[in-house]
Every structure is written in structure tokens, then in C-alpha cells.
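Coordinates as given in query_6.cif (mmCIF, C-alpha atoms):
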data_input
#
loop_
_atom_site.group_PDB
_atom_site.id
_atom_site.type_symbol
_atom_site.label_atom_id
_atom_site.label_comp_id
_atom_site.auth_asym_id
_atom_site.auth_seq_id
_atom_site.Cartn_x
_atom_site.Cartn_y
_atom_site.Cartn_z
ATOM 1 C CA MET A 1 0.000 0.000 0.000
ATOM 2 C CA ASP A 2 1.214 3.501 -0.920
ATOM 3 C CA MET A 3 -1.037 6.348 0.186
ATOM 4 C CA ALA A 4 0.717 8.902 -2.084
ATOM 5 C CA CYS A 5 1.659 6.715 -5.015
ATOM 6 C CA GLY A 6 1.540 9.407 -7.702
ATOM 7 C CA SER A 7 4.776 11.065 -6.562
ATOM 8 C CA GLY A 8 6.740 8.373 -8.382
ATOM 9 C CA SER A 9 4.017 7.224 -10.774
ATOM 10 C CA GLY A 10 3.603 4.058 -8.734
ATOM 11 C CA SER A 11 7.296 3.156 -8.980
ATOM 12 C CA LEU A 12 7.617 2.558 -5.239
ATOM 13 C CA LEU A 13 4.889 -0.082 -5.368
ATOM 14 C CA LEU A 14 6.401 -1.648 -8.469
ATOM 15 C CA ASN A 15 9.843 -1.852 -6.856
ATOM 16 C CA VAL A 16 8.463 -3.514 -3.736
ATOM 17 C CA ARG A 17 6.607 -6.025 -5.898
ATOM 18 C CA LYS A 18 9.766 -6.721 -7.903
ATOM 19 C CA LYS A 19 11.928 -7.203 -4.795
ATOM 20 C CA VAL A 20 9.414 -9.541 -3.153
ATOM 21 C CA ASN A 21 9.151 -11.664 -6.281
ATOM 22 C CA LYS A 22 12.945 -11.738 -6.686
ATOM 23 C CA ALA A 23 13.311 -12.939 -3.094
ATOM 24 C CA GLY A 24 10.973 -15.836 -3.839
ATOM 25 C CA GLY A 25 8.004 -14.390 -2.013
ATOM 26 C CA THR A 26 4.500 -13.818 -3.237
ATOM 27 C CA ILE A 27 2.599 -10.591 -3.251
ATOM 28 C CA GLY A 28 -1.132 -10.283 -3.639
ATOM 29 C CA LYS A 29 -3.004 -7.227 -4.763
ATOM 30 C CA ILE A 30 -1.221 -3.902 -4.456
ATOM 31 C CA PHE A 31 -3.052 -0.751 -3.416
ATOM 32 C CA GLY A 32 -2.372 2.931 -3.909
ATOM 33 C CA GLN A 33 -4.026 6.303 -3.562
ATOM 34 C CA GLU A 34 -3.325 9.642 -5.224
ATOM 35 C CA LYS A 35 -5.044 13.030 -5.110
ATOM 36 C CA ASN A 36 -3.591 14.522 -8.305
ATOM 37 C CA ILE A 37 -5.550 13.262 -11.309
ATOM 38 C CA THR A 38 -2.566 13.446 -13.698
ATOM 39 C CA THR A 39 -0.148 11.447 -11.549
ATOM 40 C CA TYR A 40 -2.999 9.102 -10.597
ATOM 41 C CA ASN A 41 -3.461 8.204 -14.265
ATOM 42 C CA LEU A 42 0.302 7.922 -14.769
ATOM 43 C CA ALA A 43 0.554 5.489 -11.850
ATOM 44 C CA ARG A 44 -2.196 3.281 -13.266
ATOM 45 C CA MET A 45 -0.619 3.384 -16.730
ATOM 46 C CA ASN A 46 2.774 2.516 -15.237
ATOM 47 C CA MET A 47 1.296 -0.587 -13.607
ATOM 48 C CA LEU A 48 -0.018 -1.865 -16.913
ATOM 49 C CA LEU A 49 3.208 -1.046 -18.753
ATOM 50 C CA HIS A 50 5.099 -3.173 -16.222
ATOM 51 C CA GLY A 51 2.872 -6.173 -16.747
ATOM 52 C CA VAL A 52 0.679 -5.802 -13.672
ATOM 53 C CA LYS A 53 -2.839 -6.928 -14.569
ATOM 54 C CA ASP A 54 -5.741 -4.643 -13.718
ATOM 55 C CA THR A 55 -6.994 -7.332 -11.313
ATOM 56 C CA GLU A 56 -3.673 -7.205 -9.433
ATOM 57 C CA PHE A 57 -3.778 -3.549 -8.386
ATOM 58 C CA ASP A 58 -6.279 -1.032 -7.094
ATOM 59 C CA ILE A 59 -5.357 2.652 -7.223
ATOM 60 C CA PHE A 60 -7.900 5.188 -6.003
ATOM 61 C CA HIS A 61 -8.189 8.837 -7.002
ATOM 62 C CA GLY A 62 -8.911 10.872 -3.893
ATOM 63 C CA ASP A 63 -7.553 12.816 -0.937
ATOM 64 C CA THR A 64 -5.691 10.534 1.474
ATOM 65 C CA LEU A 65 -5.744 12.972 4.393
ATOM 66 C CA LEU A 66 -9.518 13.391 4.122
ATOM 67 C CA ASN A 67 -9.818 9.614 3.690
ATOM 68 C CA GLU A 68 -12.099 9.816 0.673
ATOM 69 C CA TRP A 69 -11.693 6.144 -0.242
ATOM 70 C CA ASP A 70 -14.830 4.304 0.898
ATOM 71 C CA MET A 71 -12.865 1.090 1.370
ATOM 72 C CA MET A 72 -10.736 2.818 4.022
ATOM 73 C CA ARG A 73 -13.748 4.221 5.866
ATOM 74 C CA GLU A 74 -15.052 0.819 6.945
ATOM 75 C CA GLN A 75 -16.157 1.073 10.581
ATOM 76 C CA ASN A 76 -16.417 -2.635 11.288
ATOM 77 C CA PRO A 77 -13.016 -3.724 12.711
ATOM 78 C CA ALA A 78 -13.473 -7.179 11.212
ATOM 79 C CA LYS A 79 -13.829 -5.695 7.726
ATOM 80 C CA LYS A 80 -11.331 -2.852 8.041
ATOM 81 C CA PRO A 81 -8.600 -3.199 5.385
ATOM 82 C CA SER A 82 -5.079 -3.806 6.667
ATOM 83 C CA PHE A 83 -1.807 -4.308 4.863
ATOM 84 C CA ASP A 84 1.345 -6.374 5.328
ATOM 85 C CA ALA A 85 3.583 -3.648 3.947
ATOM 86 C CA ILE A 86 3.073 0.085 3.594
ATOM 87 C CA VAL A 87 5.510 2.319 1.735
ATOM 88 C CA ALA A 88 5.214 6.018 0.970
ATOM 89 C CA ASN A 89 7.045 9.086 -0.257
ATOM 90 C CA PRO A 90 4.413 11.749 0.464
ATOM 91 C CA PRO A 91 4.878 15.447 -0.399
ATOM 92 C CA PHE A 92 7.253 16.952 2.151
ATOM 93 C CA SER A 93 5.818 19.408 4.698
ATOM 94 C CA TYR A 94 2.552 19.603 2.764
ATOM 95 C CA ARG A 95 0.190 22.331 4.024
ATOM 96 C CA TRP A 96 -3.244 20.984 4.929
ATOM 97 C CA GLU A 97 -6.409 21.996 6.781
ATOM 98 C CA PRO A 98 -6.853 19.927 9.979
ATOM 99 C CA THR A 99 -10.460 20.308 11.109
ATOM 100 C CA ASP A 100 -12.331 19.475 14.315
ATOM 101 C CA ALA A 101 -13.888 16.521 12.542
ATOM 102 C CA LEU A 102 -10.436 15.170 11.715
ATOM 103 C CA ALA A 103 -9.432 15.521 15.371
ATOM 104 C CA ASP A 104 -11.993 12.792 16.143
ATOM 105 C CA ASP A 105 -10.931 10.672 13.168
ATOM 106 C CA VAL A 106 -9.903 7.186 14.268
ATOM 107 C CA ARG A 107 -6.599 7.578 12.393
ATOM 108 C CA PHE A 108 -5.502 10.607 14.427
ATOM 109 C CA LYS A 109 -7.509 10.524 17.638
ATOM 110 C CA SER A 110 -4.964 8.729 19.836
ATOM 111 C CA HIS A 111 -1.929 10.691 18.613
ATOM 112 C CA GLY A 112 -3.298 14.124 17.713
ATOM 113 C CA LEU A 113 -3.304 16.146 14.515
ATOM 114 C CA ALA A 114 -0.204 17.153 12.611
ATOM 115 C CA PRO A 115 0.236 20.944 12.354
ATOM 116 C CA LYS A 116 -1.274 22.917 9.509
ATOM 117 C CA SER A 117 2.189 23.785 8.186
ATOM 118 C CA ALA A 118 3.346 20.172 7.737
ATOM 119 C CA ALA A 119 1.178 17.097 7.123
ATOM 120 C CA ASP A 120 4.126 14.693 7.341
ATOM 121 C CA PHE A 121 2.828 12.953 10.463
ATOM 122 C CA ALA A 122 -0.727 12.973 9.107
ATOM 123 C CA PHE A 123 0.393 10.825 6.179
ATOM 124 C CA LEU A 124 2.372 8.625 8.562
ATOM 125 C CA LEU A 125 -0.549 8.097 10.956
ATOM 126 C CA HIS A 126 -2.922 7.369 8.079
ATOM 127 C CA GLY A 127 -0.688 4.582 6.828
ATOM 128 C CA PHE A 128 0.120 3.279 10.297
ATOM 129 C CA HIS A 129 -3.578 2.943 11.110
ATOM 130 C CA PHE A 130 -3.998 0.439 8.272
ATOM 131 C CA LEU A 131 -0.836 -1.549 9.016
ATOM 132 C CA LYS A 132 -1.269 -5.162 10.117
ATOM 133 C CA ASP A 133 0.005 -6.077 13.580
ATOM 134 C CA GLU A 134 2.822 -8.111 12.044
ATOM 135 C CA GLY A 135 3.360 -5.695 9.137
ATOM 136 C CA VAL A 136 6.115 -3.189 8.350
ATOM 137 C CA MET A 137 5.816 0.415 7.238
ATOM 138 C CA ALA A 138 8.580 2.522 5.641
ATOM 139 C CA ILE A 139 7.982 6.191 4.884
ATOM 140 C CA ILE A 140 10.326 8.825 3.427
ATOM 141 C CA LEU A 141 10.111 12.157 5.228
ATOM 142 C CA PRO A 142 12.150 15.353 5.754
ATOM 143 C CA HIS A 143 14.505 15.388 8.739
ATOM 144 C CA GLY A 144 12.272 17.918 10.497
ATOM 145 C CA VAL A 145 9.973 15.150 11.731
ATOM 146 C CA LEU A 146 12.856 13.876 13.867
ATOM 147 C CA PHE A 147 13.180 16.991 16.010
ATOM 148 C CA ARG A 148 10.446 19.584 15.416
ATOM 149 C CA GLY A 149 8.453 20.533 18.502
ATOM 150 C CA GLY A 150 4.789 21.231 19.202
ATOM 151 C CA ALA A 151 2.220 18.797 17.842
ATOM 152 C CA GLU A 152 4.875 16.832 15.984
ATOM 153 C CA GLU A 153 6.846 16.313 19.192
ATOM 154 C CA ARG A 154 3.737 14.942 20.913
ATOM 155 C CA ILE A 155 3.027 12.523 18.045
ATOM 156 C CA ARG A 156 6.648 11.395 17.868
ATOM 157 C CA THR A 157 6.822 10.899 21.641
ATOM 158 C CA LYS A 158 3.719 8.705 21.715
ATOM 159 C CA LEU A 159 4.941 6.602 18.797
ATOM 160 C CA LEU A 160 8.221 6.091 20.645
ATOM 161 C CA LYS A 161 6.670 5.333 24.022
ATOM 162 C CA ASP A 162 4.344 2.816 22.397
ATOM 163 C CA GLY A 163 7.378 1.136 20.801
ATOM 164 C CA HIS A 164 6.325 1.686 17.199
ATOM 165 C CA ILE A 165 9.413 3.382 15.729
ATOM 166 C CA ASP A 166 11.827 0.623 14.806
ATOM 167 C CA THR A 167 14.530 2.292 12.683
ATOM 168 C CA VAL A 168 15.600 5.775 11.579
ATOM 169 C CA ILE A 169 17.705 5.931 8.409
ATOM 170 C CA GLY A 170 19.363 9.193 7.387
ATOM 171 C CA LEU A 171 19.936 9.525 3.631
ATOM 172 C CA PRO A 172 22.167 11.910 1.631
ATOM 173 C CA ALA A 173 21.008 15.259 0.330
ATOM 174 C CA ASN A 174 20.046 15.833 -3.296
ATOM 175 C CA LEU A 175 18.718 12.328 -3.983
ATOM 176 C CA PHE A 176 15.390 13.453 -5.436
ATOM 177 C CA TYR A 177 14.484 15.631 -8.405
ATOM 178 C CA SER A 178 11.885 17.510 -6.362
ATOM 179 C CA THR A 179 14.143 18.633 -3.507
ATOM 180 C CA GLY A 180 17.799 18.917 -2.593
ATOM 181 C CA ILE A 181 17.309 18.534 1.159
ATOM 182 C CA PRO A 182 18.487 15.415 3.003
ATOM 183 C CA VAL A 183 15.686 13.009 3.916
ATOM 184 C CA CYS A 184 15.145 10.108 6.255
ATOM 185 C CA ILE A 185 13.279 6.818 6.247
ATOM 186 C CA LEU A 186 11.194 5.922 9.284
ATOM 187 C CA VAL A 187 10.488 2.209 9.696
ATOM 188 C CA LEU A 188 7.500 1.478 11.924
ATOM 189 C CA LYS A 189 6.018 -1.696 13.372
ATOM 190 C CA LYS A 190 3.014 -2.299 15.587
ATOM 191 C CA CYS A 191 4.581 -5.251 17.411
ATOM 192 C CA LYS A 192 8.243 -4.321 17.682
ATOM 193 C CA LYS A 193 10.330 -6.683 19.805
ATOM 194 C CA PRO A 194 13.602 -4.907 20.700
ATOM 195 C CA ASP A 195 13.309 -2.127 23.281
ATOM 196 C CA ASP A 196 15.534 0.194 21.285
ATOM 197 C CA VAL A 197 15.650 2.192 18.068
ATOM 198 C CA LEU A 198 18.222 1.514 15.351
ATOM 199 C CA PHE A 199 19.791 4.667 13.911
ATOM 200 C CA ILE A 200 21.599 4.446 10.566
ATOM 201 C CA ASN A 201 23.557 7.424 9.298
ATOM 202 C CA ALA A 202 23.937 6.801 5.559
ATOM 203 C CA ALA A 203 24.099 10.520 4.721
ATOM 204 C CA GLU A 204 27.786 10.410 3.825
ATOM 205 C CA HIS A 205 27.641 7.236 1.734
ATOM 206 C CA PHE A 206 26.703 8.084 -1.850
ATOM 207 C CA VAL A 207 27.977 8.577 -5.374
ATOM 208 C CA LYS A 208 28.147 12.255 -6.266
ATOM 209 C CA GLY A 209 26.505 13.152 -9.556
ATOM 210 C CA LYS A 210 26.417 16.330 -11.620
ATOM 211 C CA ARG A 211 22.789 17.060 -10.810
ATOM 212 C CA GLN A 212 21.838 14.422 -8.286
ATOM 213 C CA ASN A 213 23.555 12.190 -5.808
ATOM 214 C CA GLN A 214 22.948 8.457 -6.059
ATOM 215 C CA LEU A 215 23.068 5.397 -3.850
ATOM 216 C CA SER A 216 25.104 2.593 -5.380
ATOM 217 C CA GLU A 217 24.128 -1.060 -5.043
ATOM 218 C CA GLU A 218 26.822 -1.378 -2.368
ATOM 219 C CA HIS A 219 25.398 1.551 -0.398
ATOM 220 C CA ILE A 220 21.887 0.107 -0.551
ATOM 221 C CA ALA A 221 23.113 -3.366 0.412
ATOM 222 C CA LYS A 222 24.936 -1.928 3.427
ATOM 223 C CA ILE A 223 21.796 -0.147 4.641
ATOM 224 C CA ILE A 224 19.667 -3.287 4.197
ATOM 225 C CA ASP A 225 22.212 -5.552 5.878
ATOM 226 C CA THR A 226 22.543 -3.158 8.826
ATOM 227 C CA TYR A 227 18.770 -2.948 9.163
ATOM 228 C CA LYS A 228 18.178 -6.697 8.930
ATOM 229 C CA ASN A 229 20.896 -7.628 11.427
ATOM 230 C CA ARG A 230 20.613 -4.494 13.575
ATOM 231 C CA THR A 231 24.389 -4.271 13.550
ATOM 232 C CA GLU A 232 26.330 -1.395 15.066
ATOM 233 C CA GLU A 233 29.256 0.362 13.413
ATOM 234 C CA PRO A 234 31.119 3.496 14.574
ATOM 235 C CA ARG A 235 29.938 6.654 12.799
ATOM 236 C CA TYR A 236 27.354 4.640 10.827
ATOM 237 C CA SER A 237 24.828 2.770 12.976
ATOM 238 C CA ARG A 238 23.828 2.393 16.592
ATOM 239 C CA ARG A 239 21.061 0.823 18.654
ATOM 240 C CA VAL A 240 19.788 3.325 21.213
ATOM 241 C CA ASP A 241 17.676 2.241 24.178
ATOM 242 C CA MET A 242 14.552 4.099 25.176
ATOM 243 C CA ALA A 243 16.116 5.468 28.373
ATOM 244 C CA GLU A 244 18.677 7.453 26.361
ATOM 245 C CA ILE A 245 16.050 8.647 23.893
ATOM 246 C CA GLU A 246 13.887 9.828 26.792
ATOM 247 C CA LYS A 247 16.858 11.746 28.238
ATOM 248 C CA ASN A 248 17.013 13.539 24.890
ATOM 249 C CA ASP A 249 13.329 14.519 25.223
ATOM 250 C CA PHE A 250 12.393 11.997 22.535
ATOM 251 C CA ASN A 251 14.354 13.965 19.965
ATOM 252 C CA HIS A 252 15.279 11.714 17.044
ATOM 253 C CA ASN A 253 17.954 13.855 15.439
ATOM 254 C CA ILE A 254 20.483 11.296 14.215
ATOM 255 C CA SER A 255 23.507 13.409 15.150
ATOM 256 C CA ARG A 256 22.514 13.115 18.824
ATOM 257 C CA TYR A 257 23.135 9.393 18.764
ATOM 258 C CA ILE A 258 25.776 8.842 16.082
ATOM 259 C CA SER A 259 28.881 11.015 16.134
ATOM 260 C CA THR A 260 30.315 11.863 12.727
ATOM 261 C CA ALA A 261 33.256 13.788 14.146
ATOM 262 C CA VAL A 262 36.694 12.554 13.125
ATOM 263 C CA GLY A 263 39.206 12.424 15.948
ATOM 264 C CA GLU A 264 42.254 14.681 15.597
ATOM 265 C CA GLU A 265 45.486 12.901 14.794
ATOM 266 C CA GLU A 266 48.057 12.991 17.609
ATOM 267 C CA ILE A 267 50.999 15.211 16.708
ATOM 268 C CA ASP A 268 54.554 13.846 17.056
ATOM 269 C CA LEU A 269 56.367 16.935 18.288
ATOM 270 C CA GLU A 270 59.894 15.598 17.682
ATOM 271 C CA ALA A 271 59.123 14.551 14.122
ATOM 272 C CA THR A 272 57.360 17.845 13.435
ATOM 273 C CA ASN A 273 60.331 19.815 14.806
ATOM 274 C CA ALA A 274 62.735 17.817 12.622
ATOM 275 C CA ASP A 275 60.572 18.558 9.558
ATOM 276 C CA LEU A 276 60.542 22.268 10.382
ATOM 277 C CA MET A 277 64.345 22.331 10.804
ATOM 278 C CA GLU A 278 64.752 20.613 7.430
ATOM 279 C CA ILE A 279 62.435 23.106 5.781
ATOM 280 C CA GLU A 280 64.283 26.010 7.411
ATOM 281 C CA GLY A 281 67.612 24.673 6.088
ATOM 282 C CA ALA A 282 66.178 24.352 2.584
ATOM 283 C CA ILE A 283 64.936 27.952 2.771
ATOM 284 C CA GLN A 284 68.382 29.226 3.813
ATOM 285 C CA THR A 285 70.094 27.290 1.007
ATOM 286 C CA ALA A 286 67.651 28.618 -1.588
ATOM 287 C CA ALA A 287 67.978 32.201 -0.291
ATOM 288 C CA ALA A 288 71.786 31.992 -0.417
ATOM 289 C CA LYS A 289 71.696 30.736 -4.004
ATOM 290 C CA HIS A 290 69.276 33.513 -4.924
ATOM 291 C CA ASN A 291 71.559 36.111 -3.347
ATOM 292 C CA GLU A 292 74.480 34.786 -5.436
ATOM 293 C CA PHE A 293 72.503 35.643 -8.577
ATOM 294 C CA LEU A 294 71.493 39.045 -7.168
ATOM 295 C CA LYS A 295 75.148 39.842 -6.337
ATOM 296 C CA GLN A 296 76.219 39.057 -9.900
ATOM 297 C CA LEU A 297 73.473 41.367 -11.191
ATOM 298 C CA GLY A 298 74.396 44.131 -8.772
ATOM 299 C CA LEU A 299 70.984 44.049 -7.094
ATOM 300 C CA PRO A 300 70.166 44.341 -3.353
ATOM 301 C CA LEU A 301 70.529 41.022 -1.523
ATOM 302 C CA LEU A 302 67.808 39.215 0.411
ATOM 303 C CA PRO A 303 68.111 39.706 4.156
ATOM 304 C CA GLY A 304 69.083 36.772 6.358
ATOM 305 C CA ALA A 305 71.296 34.868 3.949
ATOM 306 C CA SER A 306 74.751 35.661 2.576
ATOM 307 C CA PRO A 307 75.919 34.624 -0.906
ATOM 308 C CA GLY A 308 77.453 31.167 -1.009
ATOM 309 C CA SER A 309 76.533 30.360 2.614
#

I'd like the structure from this file rewritten - as C-alpha cells, please.
Amino acid sequence: MDMACGSGSGSLLLNVRKKVNKAGGTIGKIFGQEKNITTYNLARMNMLLHGVKDTEFDIFHGDTLLNEWDMMREQNPAKKPSFDAIVANPPFSYRWEPTDALADDVRFKSHGLAPKSAADFAFLLHGFHFLKDEGVMAIILPHGVLFRGGAEERIRTKLLKDGHIDTVIGLPANLFYSTGIPVCILVLKKCKKPDDVLFINAAEHFVKGKRQNQLSEEHIAKIIDTYKNRTEEPRYSRRVDMAEIEKNDFNHNISRYISTAVGEEEIDLEATNADLMEIEGAIQTAAAKHNEFLKQLGLPLLPGASPGS
């Protein structure tokens, strides 16, 4: 399921389907939703062009935040749709109109409404509401969701206290055509086992391009391997327990937990002094040679060195 599938013309859904099939798994029907009519049609066309039958996908044209899809408005818990995997790359810091009616919406009621200036957490909570208990959700968002205060801080804190944020992955800047800012991936689960959060700082691992930076296959494999095994590596990944996160006021800024500073190299004073003495000798020799030429030309000599010294 992708609740903003038009941003990449359905490519995120297609890639997930491809990866699952390649890994020997099976994937049933894929679902998507898109508000923009043009990108909605492009997403549907893209499905067909990639060999996905019209019976194998269902993409709805409508506003995700207002929950205009009748299928998603099912009140009976036994009939409510739920998904094994939810992926999304919603519009960053999208301005929306949270109303009193939305405050009582089952998707937002327990966490609160995202601020008017940024609907990032509104998209997240919409998807999370429809995630199966054993499912996994991955959503691409701007770094602001990791540390901004106010309503976003309250939503983030509750998600953390309830043990739903599994992994935070920091990505390099300038990866997307639409923005040059660095982004992050939040991985969420409803039944997370470890009592910690895995932080991965992949912001410095990329291939620099003329217009856009790119992640190589090696970079992607490293992120996936670190996520799957929850491995720790200096300056790259770290598992942080909830006690430390609470001490940081539930701030998720990656730099608080993973240091990217490079330690200063210890200076060998004796070796440095010997180098300086050698350089000083070379300067004196060169100055003396230069003065020899100046003397022959009848020009004023350089101070500090005599000819032929």
C-alpha cells in the first residue's frame, strides 16, 4: 500500500513487488491512492506497462488525508482493510487543513493532529492505522519530523513510548528531483520486539553526480544488511535504548546518537620539529643561491642569507 503513489508514478509499489518476487516471495493485490488526477493516471498506466494486470492492483483517485476512499472508511473492525507492507514518499511538509472533525478521526484521535504547516505525520498516521500487527511500514520524510516541537513532538513521543518506531535511516542530500534537502526513512512496526531504536547514518555514503547524488548497489546493500541484522558500526549505525532517547526529550535527530566527528590525529612533536628544521635549512640554502645571482646582477641582496653560505 502507498497512500501517495503518484509522486513516483507508482514506482515505489512496483519496486516492492519486484523485490518480493525476486526474493521468492509472493505478493497479492497492491493498493495505492493519489489526489492529483494526472499522476494518478500515470501510476495506473505505469502498472499496466510493467505487466501488472488490472486485477492485481487497485489505485484510487482521492484525498488521502480526508480519507475519501470508501474502502478505508469501513467502521467494522473485522472488515477494516489492513496491509502487510506500507511504503510512501508523500509530499514533504505539505500544508493541509486539519479540522475538528479530523481531530476525532480514528486515524488521528490517539496521537493528535499534525500541524497545519506540515502534514508529514498525518500521512504517517494514516498509513500506520492500516498496518497489520505483524506488518512493516517505511515512509520517506524530511529530517524535520525527527526533532520539530509542538504537535509533531507529541506525536513522535507517543509513537516512541508505544514502541512503534523501529529504525531511523538518514539519507544523503540531493537524492530526489523535487528537492535537494536530506531526507530520512522511518520504519515502523506495531509489534516491535527490541526495546531500542536503530539509527543508521547513511548521509555520507553516496555517489556524487552532476545534478543528483545516487546510492550505489553497495550503499543500498549496506543499509539493508545493517537494518536486517541491527548491527552497530562506529559513525554509521547504533542501537539506542529508550532510556537514552527519553533523556534527549524523545528527539530523534540522528547526530545526537551517532557522532560523525573525526578524531584529531596525535601530533609527534619531535618529528614535526625535525621537519621544520629541514624546511628552514632548505629555505636558507635557496635564499643563499638567490643572493648569489642578485650579487652578480648588482641588485640588493635578500636579508638573512649571505651569498654562497

Fill in: Explicit residue set for the PyMOL selection byres ((chain A and resi 173-182) around 8), as number ranges by chain
A: 142-143, 170-172, 183-184, 203, 212-214

Discussion item. Here's the selection I'm unsure about, the PyMOL selection byres ((chain A and resi 196-201) around 7); applied to the file above, which residues does it give, as an MDAnalysis selection string?
Written reply: chainID A and resid 165:170 194:195 202:203 230 236:242 254

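Among the candidates A:Phe206, A:Asp100, A:Ala243, A:Arg235, the residue lying nearest to A:Leu160 is A:Ala243 (atoms considered: all atoms listed in the file).
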
Go ahead and fit an axis-aligned box to every listed atom of stretch 49-54 of chain A plus 3 Å each side, and pass me the centre and edge lengths in Å, one decimal, as lines of an AutoDock Vina configuration file.
center_x = -0.3
center_y = -4.0
center_z = -16.2
size_x = 16.8
size_y = 11.9
size_z = 11.1

Item to complete: Fewer than 3 positions away in the same chain doesn't count, so skip those; otherwise give me all residues within 6 Å of A:Leu131, counting all atoms listed in the file, as a ChimeraX atom specification.
Response: /A:82-83,128,135

Practice prompt. Using the chain letters and numbering of this document, enumerate as a PyMOL selection string the residues selected by the PyMOL selection byres ((chain A and resi 55-68) around 8).
Written response: chain A and resi 3-4+28-37+40+44+47+52-54+69-70+72-73+102+122-123+126

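Here atom CA of A:Gly10 and atom CA of A:Met45 stand 9.1 Å from one another.
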
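Going from atom CA of A:Arg17 to atom CA of A:Asp2 covers 12.0 Å.
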
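The space between atom CA of A:Lys193 and atom CA of A:Glu134 spans 10.9 Å.
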
Response to the item:
One residue among A:Ala78, A:Leu146, A:Ile140, A:Cys191 is nearest to A:Arg256 when using only C-alpha atoms, and that residue is A:Leu146

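Distances to A:Ala114 were evaluated for A:Asp133, A:Asp275, A:Glu152, A:Asp249 using only C-alpha atoms, and the minimum falls at A:Glu152.
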
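Each of A:Tyr94, A:Thr26, A:Pro77, A:Asp84 was checked against A:Val106 using all atoms listed in the file; the smallest atom-to-atom distance is that of A:Pro77.
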